[in-house]
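Notes follow once the structure below has been shown.
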Amino acid sequence: CQWQDGRPAKQRLLVVANRLPVSATRKGEDSWQLEMSVGGLVTALLGVKEFDARWIGWAGVNVPDDVGQRALTKALAEKRCIPVFLDEEIVHQYYNGYCNNILWPLFHYLSLPQEDRLATTRSFQSQFDAYKRANQMFADVVNQHYEEGDVVWCHDYHLMFLPKCLKEYNSKMKVGWFLHTPFPSSEIHRTLPSRSELLRSVIAADLVGFHTYDYARHFVSACTRILGLEGTPEGVEDQGKLTRVAAFPIGIDSERFVRAIDLPLVQEHMKELKQRFAGRKVMLGVDRLDMIKGIPQKILAFEKFLEENPQWRDKVVLLQIAVPTRTDVPEYQKLTSQVHEIVGRINGRFGTLTAVPIHHLDRSLDFHALCALYAVTDVALVTSLRDGMNLVSYEFVACQASKKGVLILSEFAGAAQSLGAGAILVNPWNITDVAASIKYALDMPSDEREKRHQHNFKHVTTHTSQEWAATFVSELNDTIVEAQLRTRQ
Ligand code: ADQ
């Protein structure tokens, strides 16, 4: 391998995340089918090409037998993936329980229904124990595959305990941790029974990253208020050890989207969509079907818009593509039924024999179909109640080079801080405000659309996922160098 500045030109990077970027389905005793998964983390990290990267994570299936585990490990190795095997009980307690039922809502400022809150309070300790056990299992696998000089990049709220476990194995390991969700105000984090233990584990890392400066600031405040540590402009200091804390706003592989628009397959899809919706303005929502994405609120705002603007009723269509996630969690099942019920009601109310105002699909679209949809859209609606960043808004902008459509964006998405000047920012809880913004977007003169689009397009094409990862890892390398210098002095 080639060397550059004393390091291999392609540095080995161990990416550790709860889920691998592929889902595995068993086809026989020793045969597996692998399929790419959908989600923000996968999208961002697929764009990372500067490193010799391996991905460590759970494949999303229970594989109790050795034959199955060996075969899956072999199949995954071809995709440079290394599995962590978790059994059903631990998945239930760690993933469904502690991660999805406790940390996810808390970090997004969402409260649980009262009965769930009480049940969660009762099962809290056993779920937290499972969380720690699971993180230790991830650490074991990282440790087996770690080679000197590797950089270990831990991702997300599932693995807050991992930096500590890794440093206990090897204090010289370069460990970074990045959170893809918001980090809430310290007042919210304070309510978590395991608040101190989690913070202490995270600051065992050398570098801690967030999407926005606000999330980083909340994290430092939590460390100062809850742990009594000193916050510095650089991060958090604990007995002379500095943990660097900073904002690293994620991006997308924008070139991939920009180029895709000219592909014959995408052009073909676009032609079909244009014919299908001729004479109507196209509005688009693309989300995982998750509470944080504000899908019911978005649809209710669209209903209000139709109610208040009868002249638009047969001239606009909302396409909502919502890929189901966490389908075994009752709260998510309830959300699906709720969305179906609202869509059905509005289509019944405003539909005609030949057209309905909302097309709702409960599924994921392939890359080419998604790009075509983004490209023919006049107005994209991203109305997350909270969102770490939101990459859909970036993807939409990247595909709009010729149409220059309008982005309506929640002020509670991290993306509002980077695309705020070009988008129309809304409070997703205020459906009157969102309905008025829809009207404003549909009526917007072309010179204003052009100006707004140019602002966002420039940002999306210059702040890419490649740059995000390169900046994080380079800062992680430098952090270690600094630490070593301090020790030498
Ligand atoms: P997510 O909550 O998954 O990510 P987001 O950033 O919008 O949210 O990324 C979703 C990804 O999944 C996009 O690449 C999108 O194209 C894809 N996707 C969604 N629905 C789809 C569908 N129906 N069909 C096909 N593809 C679909 C988490 C955080 C975010 C943060 C990212 C990255 O919640 O706030 O931006 O990680 O850090």
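Naming works like this for the structure tokens: A, B, ... for the chains as they're shown, residue 1 at the start of each chain, ligands 1 onward in shown order.
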Practice item. Could I get the residue neighbourhood of ligand 1 at 8 Å, counting only C-alpha atoms and all ligand atoms, as a PyMOL selection string? Key: chain A and resi 38-44+179-182+211+250+286-290+293+321-324+361-367+370+386-393+395+413-415
Deliver the residues from the most recent selection as a file, using C-alpha atoms, as an mmCIF file, in the first residue's frame.
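Writing done, so here's selection.cif:
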data_model
loop_
_atom_site.group_PDB
_atom_site.id
_atom_site.type_symbol
_atom_site.label_atom_id
_atom_site.label_comp_id
_atom_site.auth_asym_id
_atom_site.auth_seq_id
_atom_site.Cartn_x
_atom_site.Cartn_y
_atom_site.Cartn_z
ATOM 1 C CA VAL A 38 -32.137 1.937 3.424
ATOM 2 C CA GLY A 39 -31.273 4.697 5.873
ATOM 3 C CA GLY A 40 -29.302 7.853 6.427
ATOM 4 C CA LEU A 41 -26.200 6.256 7.913
ATOM 5 C CA VAL A 42 -25.887 3.779 5.050
ATOM 6 C CA THR A 43 -26.350 6.520 2.454
ATOM 7 C CA ALA A 44 -23.704 8.705 4.045
ATOM 8 C CA LEU A 179 -24.105 10.788 16.847
ATOM 9 C CA HIS A 180 -26.544 10.815 13.920
ATOM 10 C CA THR A 181 -29.521 11.984 15.972
ATOM 11 C CA PRO A 182 -29.850 15.264 17.831
ATOM 12 C CA HIS A 211 -24.220 17.205 13.122
ATOM 13 C CA ILE A 250 -22.874 15.229 7.292
ATOM 14 C CA VAL A 286 -39.674 10.619 1.287
ATOM 15 C CA ASP A 287 -39.162 9.312 4.801
ATOM 16 C CA ARG A 288 -38.644 6.260 6.901
ATOM 17 C CA LEU A 289 -42.045 5.663 8.489
ATOM 18 C CA ASP A 290 -40.936 6.941 11.871
ATOM 19 C CA LYS A 293 -40.508 12.370 10.561
ATOM 20 C CA ILE A 321 -43.046 7.448 -0.021
ATOM 21 C CA ALA A 322 -42.631 6.004 3.455
ATOM 22 C CA VAL A 323 -40.411 2.998 3.924
ATOM 23 C CA PRO A 324 -41.543 0.988 6.963
ATOM 24 C CA LEU A 361 -46.546 4.120 -0.728
ATOM 25 C CA ASP A 362 -45.345 2.017 2.196
ATOM 26 C CA ARG A 363 -42.123 0.924 0.613
ATOM 27 C CA SER A 364 -38.634 1.790 -0.402
ATOM 28 C CA LEU A 365 -37.787 2.852 -3.936
ATOM 29 C CA ASP A 366 -34.636 1.915 -5.768
ATOM 30 C CA PHE A 367 -32.024 4.588 -6.394
ATOM 31 C CA LEU A 370 -35.974 7.844 -6.273
ATOM 32 C CA ARG A 386 -36.805 16.444 15.114
ATOM 33 C CA ASP A 387 -34.093 15.090 12.846
ATOM 34 C CA GLY A 388 -30.331 14.876 13.372
ATOM 35 C CA MET A 389 -29.711 16.218 9.875
ATOM 36 C CA ASN A 390 -32.088 14.793 7.183
ATOM 37 C CA LEU A 391 -30.426 13.647 4.010
ATOM 38 C CA VAL A 392 -33.614 13.519 1.932
ATOM 39 C CA SER A 393 -33.519 17.326 1.766
ATOM 40 C CA GLU A 395 -30.808 14.451 -2.143
ATOM 41 C CA ALA A 413 -34.088 19.222 11.299
ATOM 42 C CA GLY A 414 -30.322 19.723 11.537
ATOM 43 C CA ALA A 415 -30.448 20.504 7.800
#
Review point. What lies within 10 Å of A:Gln93 using only C-alpha atoms, ignoring chain neighbours under 6 positions off, as JSON, numbers by chain?
Key: {"A": [99, 100, 101, 123, 124, 126, 127, 128, 129, 130, 131, 134]}
Check your understanding: Hey, what's within 9 Å of A:Ala421 if we count only C-alpha atoms and toss same-chain stuff fewer than 3 positions away? As an NGL selection string, please?
Key -> :A and (416-418 or 424-425 or 452 or 455-456)
Check your understanding: So which residues of stretch 94-182 of chain A fall under strand (DSSP E or B) by DSSP, listed as a PyMOL selection string?
Key -> chain A and resi 151-155+174-178
Output N, CA and C atoms for every residue in the selection just made, as an mmCIF file, in the first residue's frame.
data_model
loop_
_atom_site.group_PDB
_atom_site.id
_atom_site.type_symbol
_atom_site.label_atom_id
_atom_site.label_comp_id
_atom_site.auth_asym_id
_atom_site.auth_seq_id
_atom_site.Cartn_x
_atom_site.Cartn_y
_atom_site.Cartn_z
ATOM 1 N N VAL A 151 -8.157 3.146 12.526
ATOM 2 C CA VAL A 151 -9.003 4.126 13.195
ATOM 3 C C VAL A 151 -10.358 3.457 13.403
ATOM 4 N N VAL A 152 -10.896 3.595 14.604
ATOM 5 C CA VAL A 152 -12.197 2.975 14.881
ATOM 6 C C VAL A 152 -13.231 4.083 15.029
ATOM 7 N N TRP A 153 -14.248 3.999 14.172
ATOM 8 C CA TRP A 153 -15.267 5.047 14.173
ATOM 9 C C TRP A 153 -16.602 4.440 14.592
ATOM 10 N N CYS A 154 -17.030 4.768 15.802
ATOM 11 C CA CYS A 154 -18.285 4.217 16.341
ATOM 12 C C CYS A 154 -19.434 5.170 15.992
ATOM 13 N N HIS A 155 -20.565 4.571 15.656
ATOM 14 C CA HIS A 155 -21.686 5.396 15.230
ATOM 15 C C HIS A 155 -22.930 5.223 16.088
ATOM 16 N N LYS A 174 -7.346 4.405 18.399
ATOM 17 C CA LYS A 174 -7.928 5.712 18.053
ATOM 18 C C LYS A 174 -9.431 5.524 17.916
ATOM 19 N N VAL A 175 -10.166 6.149 18.799
ATOM 20 C CA VAL A 175 -11.604 5.909 18.811
ATOM 21 C C VAL A 175 -12.374 7.215 18.635
ATOM 22 N N GLY A 176 -13.233 7.240 17.634
ATOM 23 C CA GLY A 176 -14.125 8.382 17.452
ATOM 24 C C GLY A 176 -15.556 7.914 17.612
ATOM 25 N N TRP A 177 -16.410 8.810 18.018
ATOM 26 C CA TRP A 177 -17.838 8.466 18.146
ATOM 27 C C TRP A 177 -18.654 9.601 17.533
ATOM 28 N N PHE A 178 -19.618 9.233 16.696
ATOM 29 C CA PHE A 178 -20.443 10.244 16.039
ATOM 30 C C PHE A 178 -21.917 9.936 16.267
#
**Study point:** For atom CA of A:Gln125 and atom CA of A:Tyr94, the interatomic separation in Å (one decimal)
**Key:**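 Rounded to one decimal, the two atoms are 10.9 Å apart.
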Practice item. Skip stretch 406-409 of chain A itself and residues of its chain fewer than 3 positions away, then list as a ChimeraX atom specification all residues within 7 Å of it, counting only C-alpha atoms. Key: /A:378-383,416,423-426,441,449
Please dump the current selection as an mmCIF file, in the first residue's frame; keep C-alpha atoms.
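What landed in out-v6.cif:
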data_model
loop_
_atom_site.group_PDB
_atom_site.id
_atom_site.type_symbol
_atom_site.label_atom_id
_atom_site.label_comp_id
_atom_site.auth_asym_id
_atom_site.auth_seq_id
_atom_site.Cartn_x
_atom_site.Cartn_y
_atom_site.Cartn_z
ATOM 1 C CA ASP A 378 -41.998 20.902 -7.712
ATOM 2 C CA VAL A 379 -42.095 21.100 -3.915
ATOM 3 C CA ALA A 380 -40.444 18.736 -1.409
ATOM 4 C CA LEU A 381 -41.901 18.557 2.079
ATOM 5 C CA VAL A 382 -39.531 17.606 4.913
ATOM 6 C CA THR A 383 -41.457 18.147 8.122
ATOM 7 C CA ALA A 416 -32.273 23.758 8.629
ATOM 8 C CA ALA A 423 -35.523 26.527 1.960
ATOM 9 C CA ILE A 424 -38.811 27.725 3.406
ATOM 10 C CA LEU A 425 -38.455 26.908 7.091
ATOM 11 C CA VAL A 426 -41.557 25.770 8.965
ATOM 12 C CA ALA A 441 -43.967 27.521 -2.564
ATOM 13 C CA ARG A 449 -36.848 29.691 -6.854
#
